[in-house]
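What's in upload.cif: mmCIF, C-alpha atoms
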data_query
loop_
_atom_site.label_atom_id
_atom_site.label_comp_id
_atom_site.auth_asym_id
_atom_site.auth_seq_id
_atom_site.Cartn_x
_atom_site.Cartn_y
_atom_site.Cartn_z
CA MET B 1 124.31 -60.72 50.96
CA ALA B 2 121.76 -59.92 48.27
CA ASP B 3 122.59 -56.94 46.12
CA SER B 4 120.07 -54.37 44.94
CA GLU B 5 119.66 -56.07 41.59
CA GLN B 6 118.82 -59.38 43.24
CA LEU B 7 116.39 -57.63 45.56
CA ALA B 8 114.67 -55.91 42.66
CA LEU B 9 114.31 -59.25 40.88
CA ILE B 10 112.81 -60.90 43.95
CA HIS B 11 110.30 -58.10 44.53
CA ALA B 12 109.40 -57.98 40.85
CA GLU B 13 108.82 -61.73 40.89
CA ILE B 14 106.49 -61.40 43.87
CA ASP B 15 104.57 -58.69 42.04
CA GLY B 16 104.37 -60.79 38.86
CA GLU B 17 106.47 -58.34 36.88
CA LEU B 18 109.31 -60.51 35.60
CA ASP B 19 109.81 -61.23 31.93
CA ALA B 20 111.35 -64.52 30.72
CA HIS B 21 114.88 -63.17 30.68
CA GLN B 22 114.60 -61.80 34.22
CA ARG B 23 113.09 -65.05 35.45
CA GLY B 24 116.10 -66.89 34.09
CA GLU B 25 118.45 -64.43 35.74
CA LEU B 26 116.70 -64.81 39.09
CA ALA B 27 116.76 -68.61 38.82
CA ARG B 28 120.49 -68.49 38.18
CA ARG B 29 121.13 -66.32 41.20
CA LEU B 30 118.89 -68.43 43.43
CA LEU B 31 120.85 -71.53 42.49
CA ALA B 32 124.12 -69.80 43.16
CA ASP B 33 123.37 -68.25 46.53
CA PRO B 34 121.47 -69.86 49.44
CA GLU B 35 121.21 -66.50 51.18
CA VAL B 36 119.23 -65.14 48.24
CA ARG B 37 116.97 -68.19 48.43
CA THR B 38 116.29 -67.50 52.10
CA LEU B 39 115.58 -63.85 51.44
CA ARG B 40 113.21 -64.72 48.62
CA GLU B 41 111.34 -67.21 50.79
CA ASP B 42 111.02 -64.68 53.62
CA LEU B 43 109.70 -61.99 51.32
CA ARG B 44 107.28 -64.34 49.58
CA ARG B 45 105.84 -65.46 52.90
CA LEU B 46 105.68 -61.89 54.17
CA CYS B 47 103.80 -60.68 51.08
CA ALA B 48 101.45 -63.64 51.18
CA ALA B 49 100.73 -62.84 54.82
CA LEU B 50 100.18 -59.16 54.01
CA ASP B 51 97.77 -60.05 51.21
CA ALA B 52 95.93 -62.39 53.55
CA VAL B 53 95.27 -59.83 56.30
CA ALA B 54 91.50 -59.74 56.48
CA ASP B 55 89.56 -56.50 56.10
CA VAL B 56 87.88 -55.20 59.21
CA GLU B 57 84.22 -54.27 59.07
CA PRO B 58 83.78 -50.54 59.60
CA PRO B 59 81.84 -49.43 62.68
CA PRO B 60 78.13 -50.14 62.17
CA ARG B 61 77.10 -46.51 62.35
CA LEU B 62 79.90 -45.09 60.20
CA ARG B 63 77.67 -44.59 57.19
CA GLU B 64 75.02 -42.80 59.24
CA SER B 65 77.59 -40.57 60.91
CA ILE B 66 79.11 -39.64 57.54
CA LEU B 67 75.73 -38.80 56.04
CA ALA B 68 74.67 -36.88 59.13
CA ALA B 69 77.82 -34.77 58.97
CA LEU B 70 77.24 -33.64 55.40
CA PRO B 71 76.26 -30.01 55.02
CA GLN B 72 72.59 -29.74 54.16
CA SER B 73 72.84 -26.80 51.87
CA THR B 74 76.10 -27.26 50.05
CA PRO B 75 75.28 -27.69 46.40
CA ILE B 76 77.41 -30.23 44.59
CA ARG B 77 78.01 -29.37 41.02
CA GLU B 78 80.80 -29.24 38.57
CA ARG B 79 83.03 -26.27 39.11
CA SER B 80 82.15 -23.56 36.67
CA ARG B 81 84.87 -22.75 34.21
CA TRP B 82 85.78 -19.55 32.51
CA PRO B 83 84.47 -17.99 30.38
CA THR B 84 81.00 -19.51 30.77
CA PRO B 85 80.04 -17.58 33.94
CA ARG B 86 81.09 -14.31 32.38
CA ILE B 87 78.83 -14.90 29.45
CA ARG B 88 76.04 -15.89 31.81
CA TYR B 89 76.51 -12.82 33.96
CA ALA B 90 76.71 -10.58 30.94
CA ALA B 91 73.40 -12.05 29.79
CA VAL B 92 71.90 -11.52 33.24
CA ILE B 93 73.07 -7.93 33.31
CA LEU B 94 71.64 -7.29 29.86
CA LEU B 95 68.36 -8.86 30.93
CA VAL B 96 68.29 -6.72 34.06
CA LEU B 97 68.98 -3.61 32.03
CA ALA B 98 66.31 -4.50 29.52
CA ALA B 99 63.80 -5.35 32.25
CA GLY B 100 64.64 -2.09 34.01
CA THR B 101 63.87 -0.21 30.85
CA VAL B 102 60.50 -1.88 30.50
CA VAL B 103 59.61 -1.20 34.14
CA TYR B 104 60.76 2.41 33.86
CA GLU B 105 58.64 2.97 30.79
CA THR B 106 55.65 1.33 32.39
CA VAL B 107 55.87 3.40 35.57
CA HIS B 108 56.83 6.72 34.08
CA GLY B 109 55.25 6.41 30.67
CA LEU B 110 58.27 7.93 29.07
CA LYS B 111 58.98 7.65 25.41
CA PRO B 112 62.71 7.89 25.22
CA SER B 113 64.38 8.89 22.02
CA THR B 114 66.28 6.36 19.99
CA SER B 115 69.58 7.58 21.37
CA GLU B 116 68.35 7.15 24.95
CA VAL B 117 67.23 3.60 24.25
CA VAL B 118 70.62 2.78 22.84
CA GLY B 119 72.14 4.25 26.00
CA THR B 120 69.91 2.12 28.22
CA ILE B 121 70.90 -1.24 26.81
CA GLY B 122 74.47 -0.23 26.16
CA PRO B 123 77.01 0.95 28.70
CA ALA B 124 75.43 2.07 31.93
CA GLY B 125 76.33 5.70 31.37
CA GLU B 126 77.03 7.79 34.45
CA THR B 127 78.23 5.64 37.28
CA THR B 128 78.69 6.80 40.86
CA ILE B 129 80.85 4.84 43.24
CA LEU B 130 78.99 4.76 46.57
CA ASP B 131 81.40 2.67 48.62
CA ALA B 132 84.44 0.52 48.12
CA VAL B 133 86.50 -1.87 50.21
CA ARG B 134 89.93 -3.30 49.68
CA LEU B 135 90.59 -6.88 50.71
CA ASP B 136 94.26 -7.29 51.46
CA ARG B 137 94.30 -10.23 53.81
CA GLY B 138 93.07 -13.77 53.53
CA ARG B 139 92.64 -15.94 50.49
CA VAL B 140 90.74 -13.39 48.45
CA THR B 141 92.41 -10.08 47.70
CA GLY B 142 91.54 -7.04 45.64
CA ARG B 143 88.77 -4.48 45.62
CA VAL B 144 84.99 -4.48 45.64
CA SER B 145 82.99 -1.37 44.77
CA LEU B 146 79.32 -0.60 45.23
CA TYR B 147 78.14 1.67 42.46
CA ARG B 148 74.94 3.24 41.26
CA ASP B 149 74.06 3.88 37.68
CA ARG B 150 70.78 4.56 35.92
CA THR B 151 69.73 0.94 36.33
CA GLY B 152 70.25 0.83 40.09
CA LEU B 153 72.86 -0.60 42.38
CA GLY B 154 75.65 -2.82 41.24
CA LEU B 155 78.85 -4.35 42.49
CA LYS B 156 82.19 -4.35 40.77
CA PHE B 157 84.61 -7.12 41.73
CA GLU B 158 88.33 -6.80 41.01
CA LEU B 159 89.59 -9.80 42.90
CA SER B 160 92.30 -12.40 42.86
CA ALA B 161 92.28 -15.77 44.53
CA SER B 162 94.07 -19.08 44.37
CA ALA B 163 90.85 -20.88 43.41
CA PRO B 164 87.46 -19.89 41.97
CA VAL B 165 85.49 -17.70 44.37
CA ASP B 166 81.74 -17.41 44.76
CA VAL B 167 80.06 -14.64 46.70
CA LEU B 168 76.83 -14.46 48.67
CA ILE B 169 75.35 -10.97 48.47
CA ALA B 170 72.85 -10.18 51.21
CA GLY B 171 70.87 -6.96 51.69
CA ASP B 172 67.39 -5.53 51.63
CA GLY B 173 66.03 -8.92 52.70
CA ARG B 174 67.44 -10.62 49.62
CA THR B 175 70.31 -12.98 49.01
CA LEU B 176 72.05 -13.49 45.73
CA ARG B 177 74.78 -15.96 44.94
CA VAL B 178 77.25 -15.17 42.19
CA GLU B 179 79.91 -17.58 41.01
CA GLY B 180 83.37 -16.87 39.75
CA VAL B 181 83.83 -13.33 41.07
CA GLY B 182 87.54 -13.94 41.70
CA ARG B 183 89.53 -15.18 38.82
CA GLN B 184 92.39 -17.47 39.71
CA ASP B 185 95.47 -15.36 39.80
CA LYS B 186 98.90 -16.11 38.55
CA PRO B 187 101.09 -15.78 41.63
CA ALA B 188 104.28 -15.79 39.62
CA GLN B 189 103.12 -12.75 37.77
CA GLY B 190 101.35 -11.15 40.71
CA LYS B 191 98.54 -10.01 38.50
CA PRO B 192 95.02 -9.73 39.79
CA GLY B 193 92.11 -11.16 37.84
CA GLY B 194 89.88 -9.00 35.66
CA ALA B 195 86.90 -6.94 36.83
CA LEU B 196 83.37 -8.26 36.94
CA THR B 197 80.26 -6.16 37.46
CA VAL B 198 77.04 -7.54 38.83
CA GLY B 199 73.74 -5.67 38.85
CA LEU B 200 71.62 -5.90 41.99
CA PRO B 201 68.08 -6.02 40.71
CA GLY B 202 65.53 -5.19 43.37
CA PHE B 203 68.02 -4.01 45.93
CA GLY B 204 66.85 -0.76 47.52
CA MET B 205 69.12 2.26 47.55
CA ASP B 206 68.38 4.18 50.74
CA GLY B 207 71.05 3.59 53.35
CA GLN B 208 71.44 0.11 52.08
CA THR B 209 74.02 -2.16 53.73
CA ILE B 210 75.15 -5.02 51.60
CA ALA B 211 76.97 -7.95 53.19
CA LEU B 212 79.31 -10.02 51.08
CA THR B 213 80.48 -13.49 52.03
CA PHE B 214 83.20 -15.04 49.89
CA LEU B 215 83.23 -18.78 49.40
CA MET B 216 85.95 -21.02 48.06
CA ASN B 217 85.08 -24.64 47.47
CA GLY B 218 81.89 -24.03 49.42
CA ARG B 219 83.71 -22.72 52.48
CA GLU B 220 83.70 -19.19 53.78
CA VAL B 221 87.05 -17.53 53.20
CA GLY B 222 86.16 -13.90 53.91
CA SER B 223 83.44 -11.33 54.31
CA THR B 224 82.90 -7.60 54.11
CA THR B 225 80.11 -5.01 53.95
CA LEU B 226 79.41 -2.06 51.72
CA ARG B 227 76.95 0.77 52.34
CA ALA B 228 75.02 3.02 50.01
CA PRO B 229 74.77 6.41 51.72
CA GLY B 230 71.11 7.41 51.38
CA GLY B 231 68.84 7.57 48.32
CA ARG B 232 69.50 9.18 45.02
CA MET S 1 70.16 -54.74 38.40
CA LYS S 2 73.45 -53.36 37.18
CA GLU S 3 75.40 -51.38 39.73
CA ASP S 4 75.97 -47.78 38.77
CA ASP S 5 79.62 -47.12 38.11
CA ASP S 6 81.50 -44.45 40.04
CA ALA S 7 81.32 -41.90 37.24
CA THR S 8 77.53 -42.19 37.07
CA LEU S 9 77.17 -41.83 40.82
CA VAL S 10 79.49 -38.82 40.87
CA ARG S 11 77.48 -37.18 38.09
CA ARG S 12 74.26 -37.77 39.99
CA CYS S 13 75.84 -36.37 43.16
CA ARG S 14 76.76 -33.23 41.30
CA GLU S 15 73.16 -32.91 40.24
CA GLY S 16 72.20 -32.87 43.91
CA ASP S 17 71.28 -36.52 44.34
CA ARG S 18 72.26 -37.32 47.93
CA ALA S 19 71.19 -40.95 47.54
CA ALA S 20 73.93 -41.33 44.94
CA PHE S 21 76.44 -40.02 47.45
CA GLU S 22 75.17 -42.55 49.97
CA ARG S 23 75.87 -45.28 47.41
CA LEU S 24 79.46 -44.05 47.15
CA VAL S 25 79.73 -44.11 50.94
CA VAL S 26 78.45 -47.70 51.04
CA ARG S 27 80.86 -48.68 48.28
CA TYR S 28 83.97 -47.07 49.74
CA GLN S 29 83.51 -46.92 53.50
CA LYS S 30 85.15 -50.28 54.04
CA PRO S 31 88.37 -49.76 52.03
CA VAL S 32 88.70 -46.18 53.26
CA TYR S 33 88.21 -47.21 56.89
CA ASN S 34 90.60 -50.15 56.53
CA ALA S 35 93.30 -48.05 54.88
CA ALA S 36 93.07 -45.53 57.71
CA LEU S 37 93.03 -48.29 60.32
CA ARG S 38 96.16 -49.95 58.92
CA LEU S 39 97.96 -46.63 58.82
CA LEU S 40 96.83 -45.39 62.21
CA ARG S 41 96.20 -48.61 64.12
CA ASP S 42 93.51 -46.83 66.10
CA ALA S 43 89.86 -47.59 65.42
CA GLU S 44 88.51 -44.28 66.68
CA GLU S 45 90.98 -42.21 64.67
CA ALA S 46 90.34 -44.38 61.62
CA LYS S 47 86.62 -43.67 61.95
CA ASP S 48 87.32 -39.92 62.17
CA VAL S 49 89.56 -40.08 59.12
CA ALA S 50 86.93 -41.99 57.16
CA GLN S 51 84.30 -39.42 58.08
CA THR S 52 86.58 -36.51 57.16
CA THR S 53 87.49 -38.18 53.89
CA PHE S 54 83.88 -38.49 52.77
CA LEU S 55 83.09 -34.98 53.91
CA LYS S 56 85.96 -33.66 51.80
CA VAL S 57 84.84 -35.73 48.85
CA PHE S 58 81.35 -34.26 49.17
CA GLU S 59 82.63 -30.72 49.46
CA HIS S 60 85.05 -31.03 46.57
CA LEU S 61 83.07 -33.12 44.12
CA GLY S 62 82.89 -30.03 41.97
CA ASP S 63 86.66 -30.07 41.67
CA TYR S 64 86.93 -33.75 40.84
CA ASP S 65 88.08 -34.38 37.29
CA PRO S 66 86.09 -37.35 35.91
CA ARG S 67 88.92 -38.22 33.53
CA PHE S 68 90.67 -39.74 36.54
CA LYS S 69 89.60 -42.75 38.57
CA PHE S 70 87.30 -41.87 41.43
CA TYR S 71 88.84 -44.47 43.73
CA SER S 72 92.31 -43.00 43.21
CA TRP S 73 90.94 -39.64 44.28
CA ILE S 74 89.15 -40.86 47.39
CA TYR S 75 92.08 -43.06 48.46
CA ARG S 76 94.43 -40.13 48.03
CA ILE S 77 92.29 -38.06 50.37
CA ALA S 78 92.11 -40.93 52.88
CA ILE S 79 95.87 -41.54 52.81
CA ASN S 80 96.63 -37.83 53.19
CA GLU S 81 94.18 -37.48 56.08
CA SER S 82 95.74 -40.49 57.79
CA LEU S 83 99.26 -39.15 57.34
CA ASN S 84 98.10 -35.81 58.71
CA ALA S 85 96.65 -37.57 61.74
CA ILE S 86 99.96 -39.36 62.33
CA ALA S 87 101.82 -36.05 62.02
CA SER S 88 99.43 -34.48 64.56
CA ARG S 89 100.06 -37.34 66.94
CA ARG S 90 103.78 -36.79 66.73
CA PHE S 91 103.31 -33.07 67.21
CA ARG S 92 101.39 -33.85 70.41
CA GLY S 93 104.20 -36.16 71.48
CA GLU S 94 102.06 -39.28 71.22
CA SER S 95 103.32 -42.62 70.00
CA ASP S 96 102.62 -43.82 66.50
CA GLY S 97 99.93 -46.44 67.06
CA GLU S 98 99.67 -49.09 69.70
CA GLU S 99 102.81 -50.43 71.28
CA ALA S 100 104.30 -53.80 70.51
CA ASP S 101 102.66 -56.88 71.96
CA GLY S 102 105.42 -58.13 74.17
CA ALA S 103 109.18 -58.03 74.04
CA PRO S 104 111.36 -59.58 71.35
CA GLY S 105 111.63 -63.30 71.85
CA PRO S 106 112.79 -66.51 70.29
CA ASP S 107 111.33 -67.65 66.99
CA ARG S 108 107.62 -68.36 67.37
CA GLN S 109 105.29 -70.16 65.05
CA LEU S 110 102.43 -67.79 64.30
CA GLU S 111 99.05 -68.53 62.85
CA GLY S 112 96.04 -66.65 61.53
CA GLU S 113 95.13 -63.82 63.83
CA GLN S 114 98.60 -63.82 65.37
CA ILE S 115 100.15 -63.23 61.97
CA SER S 116 97.85 -60.30 61.34
CA ARG S 117 98.68 -58.79 64.70
CA ALA S 118 102.41 -59.30 64.18
CA ILE S 119 102.19 -57.59 60.80
CA GLU S 120 100.11 -54.72 62.13
CA GLU S 121 102.57 -54.24 64.94
CA ALA S 122 105.52 -54.36 62.55
CA LEU S 123 103.84 -51.74 60.36
CA THR S 124 104.01 -49.23 63.20
CA HIS S 125 107.79 -49.53 63.12
CA ILE S 126 108.22 -48.24 59.59
CA LYS S 127 107.81 -44.69 58.40
CA PRO S 128 104.25 -43.61 57.56
CA GLU S 129 105.20 -42.99 53.90
CA LEU S 130 106.43 -46.57 53.62
CA ARG S 131 103.39 -47.84 55.49
CA ALA S 132 101.23 -46.08 52.93
CA VAL S 133 102.69 -48.03 50.02
CA ILE S 134 102.15 -51.31 51.88
CA VAL S 135 98.53 -50.35 52.52
CA LEU S 136 97.92 -49.40 48.91
CA ARG S 137 99.62 -52.47 47.48
CA HIS S 138 98.73 -55.26 49.88
CA PHE S 139 95.50 -54.11 51.53
CA LEU S 140 93.86 -52.15 48.72
CA HIS S 141 95.53 -54.30 46.05
CA LEU S 142 96.32 -51.44 43.70
CA SER S 143 98.68 -51.39 40.75
CA TYR S 144 101.94 -49.46 40.73
CA GLN S 145 100.34 -46.97 38.37
CA ASP S 146 97.38 -46.34 40.68
CA MET S 147 99.74 -46.04 43.62
CA GLY S 148 101.78 -43.47 41.74
CA ASP S 149 98.63 -41.52 40.89
CA ILE S 150 97.51 -41.51 44.50
CA LEU S 151 100.87 -40.61 45.99
CA HIS S 152 101.88 -38.26 43.15
CA LEU S 153 105.04 -40.28 42.68
CA PRO S 154 106.67 -41.87 39.65
CA GLU S 155 106.25 -45.65 39.45
CA LYS S 156 109.97 -46.11 39.97
CA THR S 157 109.78 -44.32 43.31
CA VAL S 158 106.68 -46.29 44.27
CA LYS S 159 108.54 -49.55 43.64
CA SER S 160 111.58 -48.37 45.52
CA ARG S 161 109.46 -47.44 48.55
CA LEU S 162 107.54 -50.69 48.39
CA TYR S 163 110.71 -52.77 48.27
CA SER S 164 112.19 -50.83 51.19
CA ALA S 165 109.00 -51.19 53.19
CA ARG S 166 108.93 -54.95 52.70
CA GLN S 167 112.58 -55.28 53.63
CA LEU S 168 112.08 -53.30 56.81
CA LEU S 169 109.01 -55.32 57.77
CA ARG S 170 110.92 -58.53 57.23
CA ASP S 171 113.88 -57.26 59.26
CA HIS S 172 111.61 -56.18 62.09
CA LEU S 173 109.74 -59.48 62.18
CA LEU S 174 113.01 -61.39 62.16
CA GLN S 175 114.33 -59.23 64.96
CA GLN S 176 111.18 -59.90 66.97
CA GLY S 177 111.46 -63.62 66.28
CA THR S 178 108.02 -63.50 64.72
CA MET S 179 108.83 -63.92 61.05
CA VAL S 180 105.65 -65.22 59.48
#

Please render this file's structure as structure tokens.
Amino acid sequence: MADSEQLALIHAEIDGELDAHQRGELARRLLADPEVRTLREDLRRLCAALDAVADVEPPPRLRESILAALPQSTPIRERSRWPTPRIRYAAVILLVLAAGTVVYETVHGLKPSTSEVVGTIGPAGETTILDAVRLDRGRVTGRVSLYRDRTGLGLKFELSASAPVDVLIAGDGRTLRVEGVGRQDKPAQGKPGGALTVGLPGFGMDGQTIALTFLMNGREVGSTTLRAPGGR
Amino acid sequence: MKEDDDATLVRRCREGDRAAFERLVVRYQKPVYNAALRLLRDAEEAKDVAQTTFLKVFEHLGDYDPRFKFYSWIYRIAINESLNAIASRRFRGESDGEEADGAPGPDRQLEGEQISRAIEEALTHIKPELRAVIVLRHFLHLSYQDMGDILHLPEKTVKSRLYSARQLLRDHLLQQGTMV
């Protein structure tokens, strides 16, 4: 009966993994034991037969069926990594704030004082929470708030998830996609990710309902709505 | 013209080039389908697994780390999908692949197609995890290291499983009197 060492030598020989010393050892054992010789022959023939099993051609329409099943709209791109999106969103928010200032001046013809200008491109100043929802089930958890400040509507995300989360924001006939709203949490620590605010340029304020759809790896993992109660 | 390597095609896919993804499908549909077929021994299920595998690859290309081999990644998905399909079968109380072709008999001399059929039949008699190492080693012709990457196992465990799988196949074929 072949022992485990003999078996290992035989398999290693079949896989071309023996060094000179091991080859010598195997040769010695083969000479000494006819049962080991039989086993080796069986395994060599078996592996040769396995290697010789011919590939089967896939069904002729497999390629077409795969391509037809692909989602049409799913973008394929490298997963964004922190902190790049934060920087990008911060830049977008600053741009929105700056653009809002220009539009405001153009429409109203105001000449704000230096201190007011600083306030416009700095922190948003007075912020009113219009609506908030807590997500406590599913793969995305935490809180989303709809707020209004002097620049308009915005969303604040305080979410945790096991993988990066994108969100589709729909309302007022517009759709906006924002990446990385849920930072990957650390389950062992049970800590949620940090907050992220997103301005909603062009979104109207009167009785506005905003639908949020959360996506993880391109798949919907949750949804919710927020509502701004009337105009300012 | 030089064939684009996997990394180039993956990069182009990520940039939204669906033709590049089609090239990956053309390149990998055969090994993926064959791996699934050897594991499942059911052409229709193998086709479904192949389709699901490519769909998952497409959906998760953004998560793929180009420092690793693309084929390891796609084979891992295919193997996992196949093992899931086998587990579902068992959950539904179905048998694991087609039944044996005939009862055990005296030693028979087998040739060509008969050998393939005997081997495929013998494969259904070993555990799916052991079947997977046979598929990776003998049908996809991968190294121990690649097998370990795909199965998330140390090389030592891969070897141990492979040796066990071969032994069991040999024992089964001997028992059936159809040793190749």

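Distance-wise, CA of Gly62 (chain S) and CA of Glu15 (chain S) end up 10.3 Å apart.
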
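For the residues B:Gly154, B:Asn217, B:Arg174, B:Asp149, ranking by smallest atom-to-atom distance to chain S using all atoms listed in the file places B:Asn217 first.
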
Kindly provide the residues of chain B that approach chain S to within 9 Å, each paired with its closest atom pair and their distance in Å to one decimal, based on all atoms listed in the file, listed by chain and increasing number, as CSV.
residue,atom,partner,partner_atom,distance
B:Leu7,CA,S:Tyr163,CA,8.0
B:Ala8,CA,S:Tyr163,CA,7.6
B:His11,CA,S:Tyr163,CA,6.5
B:Ala12,CA,S:Lys159,CA,8.9
B:Asp42,CA,S:Arg170,CA,7.1
B:Leu43,CA,S:Arg170,CA,7.0
B:Arg45,CA,S:Val180,CA,6.6
B:Leu46,CA,S:Val180,CA,6.3
B:Cys47,CA,S:His138,CA,7.5
B:Ala48,CA,S:His138,CA,8.9
B:Ala49,CA,S:Val180,CA,7.2
B:Leu50,CA,S:His138,CA,5.9
B:Asp51,CA,S:His138,CA,5.1
B:Ala52,CA,S:Ser116,CA,8.3
B:Val53,CA,S:Ser116,CA,5.7
B:Ala54,CA,S:Ser116,CA,8.0
B:Asp55,CA,S:Asn34,CA,6.4
B:Val56,CA,S:Asn34,CA,6.3
B:Glu57,CA,S:Lys30,CA,6.5
B:Pro58,CA,S:Lys30,CA,5.7
B:Pro59,CA,S:Lys47,CA,7.5
B:Leu62,CA,S:Lys47,CA,7.1
B:Arg63,CA,S:Val25,CA,6.6
B:Ser65,CA,S:Gln51,CA,7.4
B:Ile66,CA,S:Gln51,CA,5.2
B:Leu67,CA,S:Glu22,CA,7.2
B:Ala69,CA,S:Leu55,CA,7.3
B:Leu70,CA,S:Leu55,CA,6.2
B:Pro71,CA,S:Glu59,CA,8.5
B:Thr74,CA,S:Glu59,CA,7.4
B:Pro75,CA,S:Gly16,CA,6.5
B:Ile76,CA,S:Arg14,CA,4.5
B:Arg77,CA,S:Arg14,CA,4.1
B:Glu78,CA,S:Gly62,CA,4.1
B:Arg79,CA,S:Gly62,CA,4.7
B:Ser80,CA,S:Gly62,CA,8.4
B:Asn217,CA,S:His60,CA,6.5
B:Gly218,CA,S:Glu59,CA,6.7
B:Arg219,CA,S:Glu59,CA,8.6

If you keep C-alpha atoms, can you produce a file of those selected residues as a compact mmCIF listing (two decimals), keeping the file's coordinate frame?
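The resulting file, again-v7.txt, is reproduced below:
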# COMPACT_ATOMS: atom_id res chain seq x y z
CA LEU B 7 116.39 -57.63 45.56
CA ALA B 8 114.67 -55.91 42.66
CA HIS B 11 110.30 -58.10 44.53
CA ALA B 12 109.40 -57.98 40.85
CA ASP B 42 111.02 -64.68 53.62
CA LEU B 43 109.70 -61.99 51.32
CA ARG B 45 105.84 -65.46 52.90
CA LEU B 46 105.68 -61.89 54.17
CA CYS B 47 103.80 -60.68 51.08
CA ALA B 48 101.45 -63.64 51.18
CA ALA B 49 100.73 -62.84 54.82
CA LEU B 50 100.18 -59.16 54.01
CA ASP B 51 97.77 -60.05 51.21
CA ALA B 52 95.93 -62.39 53.55
CA VAL B 53 95.27 -59.83 56.30
CA ALA B 54 91.50 -59.74 56.48
CA ASP B 55 89.56 -56.50 56.10
CA VAL B 56 87.88 -55.20 59.21
CA GLU B 57 84.22 -54.27 59.07
CA PRO B 58 83.78 -50.54 59.60
CA PRO B 59 81.84 -49.43 62.68
CA LEU B 62 79.90 -45.09 60.20
CA ARG B 63 77.67 -44.59 57.19
CA SER B 65 77.59 -40.57 60.91
CA ILE B 66 79.11 -39.64 57.54
CA LEU B 67 75.73 -38.80 56.04
CA ALA B 69 77.82 -34.77 58.97
CA LEU B 70 77.24 -33.64 55.40
CA PRO B 71 76.26 -30.01 55.02
CA THR B 74 76.10 -27.26 50.05
CA PRO B 75 75.28 -27.69 46.40
CA ILE B 76 77.41 -30.23 44.59
CA ARG B 77 78.01 -29.37 41.02
CA GLU B 78 80.80 -29.24 38.57
CA ARG B 79 83.03 -26.27 39.11
CA SER B 80 82.15 -23.56 36.67
CA ASN B 217 85.08 -24.64 47.47
CA GLY B 218 81.89 -24.03 49.42
CA ARG B 219 83.71 -22.72 52.48

query = So how many Å separate CA of Phe70 (chain S) and CA of Ile86 (chain S), to one decimal?
reply = 24.6 Å

request  = Kindly indicate which residue among B:Glu126, B:Thr213, B:Ala195, B:Gly207 lies nearest to Leu176 (chain B), using only C-alpha atoms for the distances.
outcome  = B:Thr213

inquiry  = With all atoms listed in the file as the counted atoms, please give the residues lying no more than 10 Å from Arg23 (chain B), apart from itself and same-chain residues fewer than 5 positions off, as a PyMOL selection string.
reply    = chain B and resi 9-10+12-13+17-18+28-29

note = As a check of understanding: the span from CA of Leu151 (chain S) to CA of Asp4 (chain S) is 26.9 Å

task = Evaluate the PyMOL selection byres ((chain S and resi 126) around 10) and record the selected residues as a ChimeraX atom specification, following the chain and residue labels used in the document.
result = /S:96,121-125,127-132,164-166,168-169,172

Restricting the output to C-alpha atoms, write the selected residues as a PDB file, in the frame of the given file.
ATOM      1  CA  ASP S  96     102.620 -43.820  66.500  1.00  0.00           C
ATOM      2  CA  GLU S 121     102.570 -54.240  64.940  1.00  0.00           C
ATOM      3  CA  ALA S 122     105.520 -54.360  62.550  1.00  0.00           C
ATOM      4  CA  LEU S 123     103.840 -51.740  60.360  1.00  0.00           C
ATOM      5  CA  THR S 124     104.010 -49.230  63.200  1.00  0.00           C
ATOM      6  CA  HIS S 125     107.790 -49.530  63.120  1.00  0.00           C
ATOM      7  CA  LYS S 127     107.810 -44.690  58.400  1.00  0.00           C
ATOM      8  CA  PRO S 128     104.250 -43.610  57.560  1.00  0.00           C
ATOM      9  CA  GLU S 129     105.200 -42.990  53.900  1.00  0.00           C
ATOM     10  CA  LEU S 130     106.430 -46.570  53.620  1.00  0.00           C
ATOM     11  CA  ARG S 131     103.390 -47.840  55.490  1.00  0.00           C
ATOM     12  CA  ALA S 132     101.230 -46.080  52.930  1.00  0.00           C
ATOM     13  CA  SER S 164     112.190 -50.830  51.190  1.00  0.00           C
ATOM     14  CA  ALA S 165     109.000 -51.190  53.190  1.00  0.00           C
ATOM     15  CA  ARG S 166     108.930 -54.950  52.700  1.00  0.00           C
ATOM     16  CA  LEU S 168     112.080 -53.300  56.810  1.00  0.00           C
ATOM     17  CA  LEU S 169     109.010 -55.320  57.770  1.00  0.00           C
ATOM     18  CA  HIS S 172     111.610 -56.180  62.090  1.00  0.00           C
TER      19      HIS S 172
END

message = With distances taken over only C-alpha atoms, which residue among B:Asp15, B:Leu212, B:Ser4, B:Thr141 lies nearest Thr175 (chain B)?
response =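 Closest to Thr175 (chain B), using only C-alpha atoms: B:Leu212.
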
Test item: residues at most 10 Å from His152 (chain S), all atoms listed in the file, excluding those fewer than 6 positions along its chain, as number ranges by chain = S: 76, 146, 158

task = List the neighbours of Gly222 (chain B) out to 8 Å using only C-alpha atoms; skip same-chain residues closer than 2 positions along the sequence, and give me the result as a PyMOL selection string.
result = chain B and resi 138-140+213-215+220+224

Store the residues picked out above in a file with C-alpha atoms, as a PDB file, keeping the file's coordinate frame.
ATOM      1  CA  GLY B 138      93.070 -13.770  53.530  1.00  0.00           C
ATOM      2  CA  ARG B 139      92.640 -15.940  50.490  1.00  0.00           C
ATOM      3  CA  VAL B 140      90.740 -13.390  48.450  1.00  0.00           C
ATOM      4  CA  THR B 213      80.480 -13.490  52.030  1.00  0.00           C
ATOM      5  CA  PHE B 214      83.200 -15.040  49.890  1.00  0.00           C
ATOM      6  CA  LEU B 215      83.230 -18.780  49.400  1.00  0.00           C
ATOM      7  CA  GLU B 220      83.700 -19.190  53.780  1.00  0.00           C
ATOM      8  CA  THR B 224      82.900  -7.600  54.110  1.00  0.00           C
TER       9      THR B 224
END
